[in-house]
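Source file: data_6.txt; contents: compact mmCIF, C-alpha atoms.
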# COMPACT_ATOMS: atom_id res chain seq x y z
CA MET A 1 118.06 113.75 106.32
CA SER A 2 116.63 116.30 108.71
CA ALA A 3 119.40 118.01 110.62
CA SER A 4 117.13 119.58 113.21
CA ALA A 5 115.19 116.47 114.19
CA PRO A 6 116.50 114.24 116.98
CA THR A 7 117.18 110.58 116.31
CA ILE A 8 114.26 108.54 117.59
CA SER A 9 114.41 104.82 118.21
CA HIS A 10 111.13 102.93 118.38
CA GLY A 11 110.88 99.16 118.68
CA VAL A 12 107.78 97.02 118.28
CA ASP A 13 107.24 93.29 117.90
CA LEU A 14 105.07 92.19 114.98
CA LEU A 15 102.95 89.08 115.34
CA PRO A 16 103.04 86.16 112.92
CA THR A 17 102.57 86.33 109.19
CA GLN A 18 99.59 85.48 107.06
CA THR A 19 99.87 83.23 104.05
CA SER A 20 97.36 84.93 101.78
CA LEU A 21 98.64 86.86 98.79
CA ASP A 22 95.87 89.41 99.22
CA PRO A 23 96.80 92.78 100.73
CA PRO A 24 97.39 92.03 104.43
CA GLU A 25 95.22 93.22 107.22
CA THR A 26 96.62 95.74 109.65
CA PRO A 27 99.54 93.92 111.35
CA LYS A 28 99.34 92.87 114.98
CA PHE A 29 102.08 94.29 117.17
CA LYS A 30 103.28 93.65 120.68
CA ASP A 31 104.80 96.53 122.62
CA THR A 32 108.47 96.27 123.47
CA GLN A 33 108.98 97.97 126.81
CA ASP A 34 112.66 97.18 127.18
CA HIS A 35 113.94 98.79 124.00
CA ALA A 36 117.57 98.53 125.07
CA SER A 37 117.32 94.76 125.17
CA HIS A 38 116.43 94.61 121.48
CA HIS A 39 118.06 97.62 119.83
CA HIS A 40 121.26 99.51 120.41
CA GLN A 41 120.74 103.04 121.63
CA MET A 42 121.06 105.92 119.17
CA PRO A 43 122.55 109.32 119.96
CA LEU A 44 120.01 111.98 120.86
CA VAL A 45 120.85 114.04 117.78
CA LEU A 46 122.24 112.89 114.47
CA PRO A 47 124.36 115.62 112.89
CA SER A 48 123.37 116.27 109.30
CA PRO A 49 125.94 116.94 106.57
CA ASP A 50 124.02 120.12 105.73
CA ASP A 51 123.36 121.46 109.24
CA SER A 52 124.67 124.89 108.37
CA GLU A 53 122.57 125.32 105.26
CA SER A 54 119.25 127.15 105.20
CA ASP A 55 116.58 127.53 102.53
CA GLU A 56 114.69 130.67 101.70
CA ILE A 57 112.29 128.95 99.32
CA GLU A 58 109.81 126.35 100.53
CA GLY A 59 110.16 122.74 99.27
CA ALA A 60 107.74 120.68 97.18
CA ALA A 61 105.11 118.02 97.55
CA SER A 62 106.84 115.67 95.13
CA GLU A 63 106.22 112.62 92.99
CA THR A 64 108.64 110.61 95.12
CA ASP A 65 108.29 108.24 98.00
CA SER A 66 110.86 109.26 100.59
CA SER A 67 109.27 106.37 102.40
CA ASN A 68 105.67 105.96 102.69
CA ASP A 69 102.51 104.04 103.46
CA THR A 70 102.09 101.11 105.74
CA THR A 71 99.51 98.38 106.02
CA HIS A 72 95.82 98.78 105.18
CA SER A 73 93.15 96.20 104.61
CA THR A 74 91.59 97.31 101.34
CA ASN A 75 92.69 98.79 98.04
CA ASN A 76 90.61 101.89 98.71
CA ASP A 77 92.27 102.80 101.99
CA TYR A 78 94.51 105.42 100.40
CA ILE A 79 91.34 107.28 99.44
CA ASN A 80 90.10 107.12 103.01
CA ILE A 81 93.43 108.38 104.33
CA ALA A 82 93.40 111.27 101.88
CA ASN A 83 89.87 112.13 102.92
CA THR A 84 90.87 112.32 106.57
CA THR A 85 93.23 115.18 105.73
CA THR A 86 91.14 116.85 103.02
CA ASN A 87 89.55 119.26 105.49
CA THR A 88 92.90 120.40 106.86
CA ASN A 89 93.31 124.12 106.37
CA PHE A 90 96.72 124.99 104.94
CA ASN A 91 98.04 128.52 105.01
CA ARG A 92 97.75 130.34 101.72
CA ALA A 93 101.05 130.45 99.86
CA ILE A 94 102.77 133.11 97.80
CA CYS A 95 102.67 132.19 94.11
CA HIS A 96 105.94 132.88 92.33
CA GLY A 97 104.23 133.46 88.99
CA ARG A 98 106.13 132.75 85.80
CA VAL A 99 109.76 131.93 86.59
CA LYS A 100 112.70 132.51 84.25
CA ASN A 101 115.22 130.26 86.01
CA PRO A 102 113.47 127.28 87.61
CA GLU A 103 116.76 125.67 88.71
CA ALA A 104 117.45 128.68 90.91
CA MET A 105 114.10 128.21 92.64
CA VAL A 106 114.97 124.74 93.99
CA PRO A 107 116.03 124.84 97.67
CA LYS A 108 119.28 123.02 98.37
CA THR A 109 117.55 120.76 100.90
CA TRP A 110 114.08 120.75 99.35
CA TRP A 111 113.18 117.36 100.88
CA LYS A 112 113.05 118.85 104.36
CA THR A 113 109.78 120.56 103.51
CA VAL A 114 108.49 118.24 100.77
CA PHE A 115 107.93 115.42 103.24
CA SER A 116 107.18 117.50 106.33
CA ASP A 117 103.38 117.19 106.44
CA GLN A 118 100.35 115.29 105.16
CA LEU A 119 100.09 117.17 101.85
CA TYR A 120 102.63 114.78 100.33
CA LEU A 121 100.42 111.83 101.27
CA GLN A 122 97.51 113.50 99.49
CA THR A 123 99.22 114.54 96.27
CA ASP A 124 101.04 111.20 95.92
CA GLY A 125 98.58 109.01 97.80
CA ASP A 126 97.41 107.12 94.71
CA VAL A 127 100.78 105.33 94.77
CA VAL A 128 102.34 105.67 98.21
CA GLU A 129 99.15 105.06 100.20
CA ASP A 130 97.77 102.16 98.18
CA PRO A 131 98.43 98.84 99.97
CA ALA A 132 97.91 96.84 96.77
CA ILE A 133 100.79 98.70 95.12
CA THR A 134 103.00 98.18 98.16
CA LEU A 135 102.20 94.47 98.14
CA GLU A 136 102.99 94.17 94.43
CA GLU A 137 106.35 95.91 94.96
CA VAL A 138 107.22 93.47 97.74
CA ARG A 139 106.19 90.57 95.48
CA LEU A 140 108.55 91.93 92.83
CA LEU A 141 111.34 91.93 95.42
CA GLU A 142 110.51 88.36 96.39
CA GLY A 143 110.82 87.34 92.75
CA ILE A 144 114.46 88.43 92.60
CA SER A 145 116.55 85.37 93.36
CA ALA A 146 119.18 87.11 95.50
CA ILE A 147 116.52 88.76 97.67
CA HIS A 148 114.34 85.65 97.80
CA ASP A 149 117.26 83.71 99.29
CA ILE A 150 117.82 86.33 101.99
CA LEU A 151 114.17 86.50 102.98
CA GLN A 152 113.83 82.73 103.11
CA ALA A 153 116.95 82.48 105.28
CA SER A 154 115.10 84.47 107.96
CA SER A 155 113.20 81.31 108.90
CA SER A 156 116.40 79.61 110.05
CA PRO A 157 116.77 79.49 113.85
CA ASP A 158 120.55 79.80 113.50
CA ARG A 159 120.73 83.45 112.47
CA THR A 160 118.84 86.72 112.42
CA ILE A 161 118.39 88.42 109.06
CA LYS A 162 118.57 92.21 109.35
CA VAL A 163 116.96 94.51 106.80
CA LEU A 164 117.24 98.30 106.53
CA ASP A 165 114.51 100.26 104.76
CA LEU A 166 116.45 103.45 104.01
CA CYS A 167 114.34 106.55 103.38
CA CYS A 168 111.43 104.46 104.61
CA GLY A 169 108.94 107.31 104.99
CA GLN A 170 105.79 106.14 106.74
CA GLY A 171 107.15 102.59 106.66
CA ARG A 172 104.87 100.97 104.12
CA HIS A 173 107.44 98.38 102.98
CA THR A 174 108.92 97.91 106.46
CA LEU A 175 105.61 97.00 108.05
CA LEU A 176 104.48 94.76 105.22
CA LEU A 177 107.77 92.82 105.29
CA ALA A 178 107.35 92.41 109.04
CA GLU A 179 103.89 90.98 108.49
CA LEU A 180 105.06 88.54 105.83
CA TYR A 181 108.38 87.57 107.46
CA PRO A 182 107.99 87.63 111.25
CA SER A 183 111.54 86.37 111.87
CA LEU A 184 113.18 89.44 110.30
CA GLU A 185 114.79 92.25 112.25
CA LEU A 186 113.71 95.39 110.43
CA HIS A 187 114.94 98.96 110.69
CA GLY A 188 113.41 102.03 109.02
CA HIS A 189 115.43 105.23 108.68
CA ASP A 190 114.21 108.53 107.22
CA GLN A 191 114.89 112.26 107.46
CA SER A 192 111.22 113.19 107.89
CA GLU A 193 110.12 113.35 111.51
CA PHE A 194 106.51 113.62 110.34
CA LEU A 195 106.65 110.41 108.30
CA ILE A 196 108.59 108.45 110.92
CA GLN A 197 106.13 109.50 113.62
CA LEU A 198 103.34 108.35 111.30
CA ALA A 199 105.04 104.98 110.82
CA ARG A 200 105.41 104.62 114.58
CA SER A 201 101.81 105.60 115.24
CA ARG A 202 100.51 103.17 112.65
CA ALA A 203 102.52 100.41 114.28
CA ALA A 204 101.34 101.42 117.73
CA ALA A 205 97.72 101.57 116.59
CA ALA A 206 97.85 97.83 115.97
CA VAL A 207 98.91 97.10 119.56
CA SER A 208 95.31 97.21 120.78
CA SER A 209 94.44 94.18 118.65
CA LYS A 210 97.37 92.02 119.73
CA ASP A 211 95.24 90.06 122.18
CA ASP A 212 92.94 88.99 119.33
CA VAL A 213 95.62 86.65 117.94
CA PRO A 214 95.88 83.31 119.81
CA SER A 215 99.40 82.49 120.94
CA SER A 216 99.08 79.09 119.26
CA ALA A 217 98.81 80.86 115.89
CA SER A 218 102.53 81.63 115.88
CA SER A 219 104.61 79.43 113.62
CA ASN A 220 107.80 81.37 114.32
CA SER A 221 109.89 79.29 116.71
CA LYS A 222 112.75 81.74 116.81
CA ASN A 223 110.74 84.80 117.82
CA LYS A 224 107.17 84.06 118.85
CA GLY A 225 106.58 87.75 119.43
CA GLY A 226 107.00 88.52 115.72
CA ALA A 227 109.42 90.65 113.74
CA LYS A 228 111.30 93.41 115.53
CA ILE A 229 110.99 96.89 114.02
CA ASN A 230 113.07 99.93 114.85
CA PHE A 231 112.52 103.43 113.38
CA THR A 232 115.13 106.21 113.45
CA ILE A 233 115.26 109.77 112.14
CA GLY A 234 118.32 111.09 110.37
CA ASP A 235 120.21 111.84 107.17
CA CYS A 236 120.79 109.00 104.68
CA ARG A 237 124.38 110.19 104.26
CA SER A 238 125.02 109.39 107.92
CA ILE A 239 123.36 106.06 108.73
CA PRO A 240 123.48 105.34 112.49
CA PHE A 241 124.50 101.68 112.42
CA PRO A 242 127.81 99.84 112.79
CA ASP A 243 129.76 98.36 109.89
CA GLN A 244 128.49 95.09 108.40
CA THR A 245 125.10 95.18 110.17
CA PHE A 246 122.60 94.39 107.41
CA ASP A 247 121.94 91.53 105.02
CA LEU A 248 119.60 93.61 102.86
CA VAL A 249 119.21 97.37 102.32
CA LEU A 250 116.16 98.69 100.47
CA MET A 251 115.88 102.22 99.13
CA MET A 252 112.34 102.16 97.78
CA GLY A 253 109.92 104.65 96.28
CA ASN A 254 112.27 106.69 94.09
CA SER A 255 114.27 108.09 97.00
CA PHE A 256 117.75 108.18 95.41
CA GLY A 257 119.19 111.17 93.55
CA TYR A 258 117.76 114.11 95.48
CA PHE A 259 121.02 115.98 96.05
CA SER A 260 122.34 118.76 93.83
CA ASN A 261 125.86 117.31 94.02
CA ASP A 262 126.61 113.80 92.78
CA LYS A 263 129.20 113.46 95.56
CA ASP A 264 126.32 113.23 98.02
CA ASP A 265 124.85 110.28 96.11
CA GLU A 266 128.29 108.67 96.29
CA SER A 267 128.24 109.24 100.05
CA VAL A 268 124.88 107.46 100.34
CA LEU A 269 126.18 104.41 98.48
CA ALA A 270 129.38 104.43 100.53
CA GLN A 271 127.28 104.35 103.69
CA ILE A 272 125.16 101.50 102.32
CA SER A 273 128.28 99.53 101.44
CA ARG A 274 129.71 100.15 104.91
CA ILE A 275 126.68 98.79 106.76
CA LEU A 276 126.13 95.80 104.44
CA CYS A 277 127.54 92.43 105.44
CA PRO A 278 129.80 90.76 102.84
CA GLY A 279 127.45 89.22 100.31
CA GLY A 280 124.67 91.59 101.39
CA VAL A 281 122.32 93.04 98.78
CA VAL A 282 121.07 96.57 98.11
CA VAL A 283 118.03 97.53 96.01
CA LEU A 284 117.71 101.04 94.60
CA ASP A 285 114.21 101.88 93.37
CA ILE A 286 114.94 104.79 91.01
CA THR A 287 113.21 106.61 88.21
CA ASP A 288 114.17 105.49 84.70
CA GLY A 289 116.44 108.42 83.89
CA ALA A 290 116.85 107.75 80.17
CA TYR A 291 113.08 107.39 79.73
CA GLN A 292 112.22 110.49 81.76
CA ARG A 293 114.75 112.63 79.93
CA GLU A 294 112.96 112.00 76.64
CA ASN A 295 109.34 111.57 77.78
CA PHE A 296 108.61 113.87 80.72
CA SER A 297 105.49 116.04 80.54
CA PRO A 298 106.41 119.76 80.56
CA ARG A 299 102.99 120.69 81.98
CA SER A 300 100.21 118.70 83.59
CA TRP A 301 97.40 118.97 86.11
CA GLU A 302 95.21 116.58 88.08
CA TRP A 303 92.42 116.62 90.62
CA VAL A 304 93.61 114.95 93.81
CA ASP A 305 90.05 114.99 95.15
CA ASP A 306 86.94 117.11 94.68
CA GLU A 307 88.57 120.14 96.31
CA MET A 308 92.30 119.93 95.53
CA LEU A 309 93.99 120.55 92.18
CA VAL A 310 97.73 120.13 91.46
CA CYS A 311 99.35 121.87 88.51
CA ARG A 312 102.90 120.84 87.59
CA GLU A 313 105.66 122.20 85.38
CA ARG A 314 108.86 120.35 84.53
CA TRP A 315 112.14 121.31 82.91
CA LEU A 316 115.42 119.59 82.18
CA SER A 317 118.32 121.22 83.97
CA GLU A 318 120.84 123.04 81.84
CA ASP A 319 123.20 120.04 81.91
CA ARG A 320 120.25 117.66 81.22
CA LYS A 321 121.17 115.59 84.27
CA ARG A 322 118.21 116.56 86.46
CA LEU A 323 114.50 117.02 86.10
CA VAL A 324 113.36 120.21 87.80
CA CYS A 325 109.75 120.12 88.94
CA ARG A 326 107.26 122.68 90.20
CA GLU A 327 103.98 121.97 91.94
CA VAL A 328 101.26 124.53 92.47
CA VAL A 329 98.65 123.08 94.81
CA ILE A 330 95.22 124.73 94.87
CA LYS A 331 92.26 124.20 97.19
CA THR A 332 88.94 125.44 95.90
CA ALA A 333 88.02 127.21 99.14
CA GLN A 334 91.48 128.63 99.90
CA GLY A 335 93.29 129.26 96.64
CA ILE A 336 96.99 128.43 96.25
CA ILE A 337 98.35 126.61 99.32
CA ARG A 338 101.75 125.54 97.92
CA ASP A 339 104.05 126.72 95.16
CA GLN A 340 107.07 124.48 95.42
CA PHE A 341 110.14 123.38 93.50
CA TYR A 342 112.25 120.23 93.66
CA GLN A 343 114.57 118.24 91.43
CA GLU A 344 115.85 114.71 90.94
CA ARG A 345 118.93 113.27 89.26
CA LEU A 346 118.24 111.31 86.06
CA TYR A 347 120.80 108.52 86.16
CA ASP A 348 121.41 106.32 83.16
CA GLY A 349 122.76 102.78 83.34
CA GLU A 350 126.44 103.60 82.90
CA GLU A 351 126.34 106.33 85.54
CA ILE A 352 124.74 104.04 88.11
CA GLN A 353 127.27 101.33 87.26
CA HIS A 354 130.11 103.79 87.92
CA LEU A 355 128.63 104.85 91.28
CA LEU A 356 128.10 101.28 92.44
CA ARG A 357 131.62 100.19 91.53
CA GLY A 358 133.04 103.17 93.36
CA ALA A 359 131.21 102.03 96.51
CA GLY A 360 132.42 98.43 96.25
CA LEU A 361 129.08 97.09 95.01
CA LYS A 362 128.62 94.69 92.10
CA ARG A 363 125.53 95.19 90.01
CA LEU A 364 123.20 92.22 89.46
CA TYR A 365 121.06 92.07 86.34
CA GLN A 366 117.77 90.21 86.00
CA ASP A 367 115.88 88.26 83.39
CA ASP A 368 112.08 88.30 83.04
CA GLU A 369 111.75 85.79 85.89
CA GLY A 370 113.95 87.77 88.27
CA GLN A 371 116.86 85.36 87.94
CA GLN A 372 120.39 86.71 88.06
CA GLN A 373 121.83 87.26 84.61
CA ALA A 374 125.33 88.06 83.41
CA GLN A 375 125.90 91.49 81.93
CA GLY A 376 125.30 91.46 78.18
CA ASP A 377 122.98 92.62 75.42
CA GLN A 378 119.92 91.21 77.20
CA ALA A 379 120.97 92.24 80.71
CA ARG A 380 118.79 94.86 82.34
CA ASP A 381 117.39 96.18 85.57
CA LEU A 382 113.94 95.09 86.69
CA ALA A 383 111.27 97.54 85.47
CA ILE A 384 108.68 98.75 88.00
CA LYS A 385 105.36 99.84 86.53
CA THR A 386 103.16 99.47 89.59
CA GLY A 387 102.23 103.15 89.60
CA LYS A 388 101.41 103.28 85.91
CA GLU A 389 99.45 100.03 85.92
CA MET A 390 97.77 100.14 89.34
CA SER A 391 97.16 103.78 90.32
CA GLN A 392 93.44 104.21 90.94
CA ARG A 393 93.66 107.88 90.07
CA GLY A 394 95.63 107.07 86.90
CA GLU A 395 96.59 110.65 86.13
CA ASP A 396 99.93 112.47 86.44
CA LEU A 397 102.44 109.96 87.90
CA GLY A 398 105.54 111.95 87.02
CA MET A 399 108.77 110.23 88.07
CA MET A 400 106.85 107.48 89.88
CA GLY A 401 105.39 106.26 86.60
CA GLN A 402 108.39 104.35 85.24
CA ARG A 403 111.14 103.15 87.57
CA ASN A 404 113.73 100.41 87.86
CA PHE A 405 115.00 98.13 90.59
CA VAL A 406 118.80 98.42 90.50
CA ILE A 407 120.24 95.51 92.49
CA ALA A 408 123.83 95.16 93.69
CA VAL A 409 125.79 92.92 96.07
CA LYS A 410 128.69 93.81 98.37
CA THR A 411 131.66 91.78 97.26
CA THR A 412 135.42 92.07 97.28
CA THR A 413 135.51 91.01 93.63
CA LEU A 414 134.21 93.57 91.17

Would you mind giving the structure from this file in structure tokens?
Amino acid sequence: MSASAPTISHGVDLLPTQTSLDPPETPKFKDTQDHASHHHQMPLVLPSPDDSESDEIEGAASETDSSNDTTHSTNNDYINIANTTTNTNFNRAICHGRVKNPEAMVPKTWWKTVFSDQLYLQTDGDVVEDPAITLEEVRLLEGISAIHDILQASSSPDRTIKVLDLCCGQGRHTLLLAELYPSLELHGHDQSEFLIQLARSRAAAAVSSKDDVPSSASSNSKNKGGAKINFTIGDCRSIPFPDQTFDLVLMMGNSFGYFSNDKDDESVLAQISRILCPGGVVVLDITDGAYQRENFSPRSWEWVDDEMLVCRERWLSEDRKRLVCREVVIKTAQGIIRDQFYQERLYDGEEIQHLLRGAGLKRLYQDDEGQQQAQGDQARDLAIKTGKEMSQRGEDLGMMGQRNFVIAVKTTTL
């Protein structure tokens, strides 16, 4: 979604999968020197729908994913990652004090600064940098029958299954899927140059260990080099791929509903529908709007570590359709380092249904076992409580605390 950042294409080959259900070790990659032979070339700059807009107020370090972590070997790695950035000195920020109109404080393109540096990975690291949570979310995806069938089809030598991780952030789901399903062709796309560069560097960091894996260990006859991964930078309303490219599109980590105009959310779904193959599936990981509207915490605070404190305020927008959030981030030795505002759309079931139908997507409901279920009194989206149940910090989870998987298929019959 960043208008100023150039589109960057980065391809790596991921070595074969492991069979253990434990959080995977750092994946083994093989460098791809001839990128053009594996991935089509992107334009140098992707125009953004909001190129002409500017923000006078800084954005927020939010409770959303935008994309996120990658692969780590232990459940405590997110703590280690946070500690590596704890000593970073941030510039002191101007505190806005008590505000009378919080909606007016939200920058139109707040996400451009929210996800622009490592502070986001610290404030939200208990969810987005925990490999156990990422693994559990992928296991939830695998339990959905429509997605299970697509992932299993990747083992067939007759076709290549293509998956797009839209708003992938630092690529935590992309890289884990590549580790588990080495026959996939995976693409990660995000507006944050910082997070995409982090995803690329994490993938590249594994290259040095590629020689440690014997060639005989590969069970992938179609692509013995492992899964292909491509990362690009750009706006999710302008996805740089041809029509009918992907079998599966994932929008994980509460990354849908950032825009102040619902028409932009419609544009995102129209783009997803365009790039999906007929019969392709999309998963929207979104906050439970109805729950949040009635249960959000107006004020909260939590210690991120021994030296960083985050204080949050939340308000419903005047039309009750958005949750407006403020984060004041304080370091004990520096004082206030961020005072930031952001907002997210609180969609209910009927509103999402209307958006999906408008984009030519048919919603799929699930039962407790993840099996497809006809719409009815018992039909529902799949609840995601990984943050609430697995966060090691276990404090203020905000909109990451209770979310849903909304699943839809591209079909000509709605």

Contacts of segment 149-175 of chain A with segment 118-130 of chain A up to 10 Å, shortest pair per row, all atoms listed in the file, as a tab-separated table:
residue	atom	partner	partner_atom	distance
A:Gly169	CA	A:Val128	CA	9.6
A:Gln170	CA	A:Val128	CA	9.2
A:Arg172	CA	A:Val128	CA	8.0

Study note, to complete from the structure: Among A:Leu361, A:Cys95, A:Val406, A:Leu151, Pro278 of chain A is approached most closely, using all atoms listed in the file, by A:Leu361

**Study point:** Between atom CA of Val138 of chain A and atom CA of Cys236 of chain A, distance in Å (one decimal)
**Key:** 21.8 Å

Practice item. For atom CA of Leu175 of chain A and atom CA of Gln392 of chain A, quote the distance in Å rounded to one decimal. Key: 22.2 Å

**Study point:** Neighbour list for Gly401 of chain A as a list in words, cut-off 6 Å, only C-alpha atoms, skip fewer than 2 positions in-chain
**Key:**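 Surrounding residues, per the criterion: Gly387, Lys388, Leu397, Gly398 and Met399 of chain A.
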
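Atom CA of Lys228 of chain A is found 14.1 Å from atom CA of Arg159 of chain A.
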
Point to revise | Expected residue set, 12 Å radius at (96.8, 130.5, 95.3), all atoms listed in the file, as a ChimeraX atom specification | key: /A:90-97,308-311,327-340

List as a tab-separated table every residue of segment 116-152 of chain A that is in contact with segment 285-293 of chain A, defined as an atom at most 12 Å from one of its atoms (using all atoms listed in the file), together with the nearest atom pair and the distance in Å rounded to one decimal, sorted by chain and then rising number.
residue	atom	partner	partner_atom	distance
A:Glu137	CA	A:Asp285	CA	10.0
A:Val138	CA	A:Asp285	CA	11.8
A:Leu140	CA	A:Asp285	CA	11.5
A:Leu141	CA	A:Asp285	CA	10.6

Point to revise | Counting only C-alpha atoms, the option among A:Leu135, A:Lys112, A:Asp264, A:Phe259 closest to Asp190 of chain A | key: A:Lys112
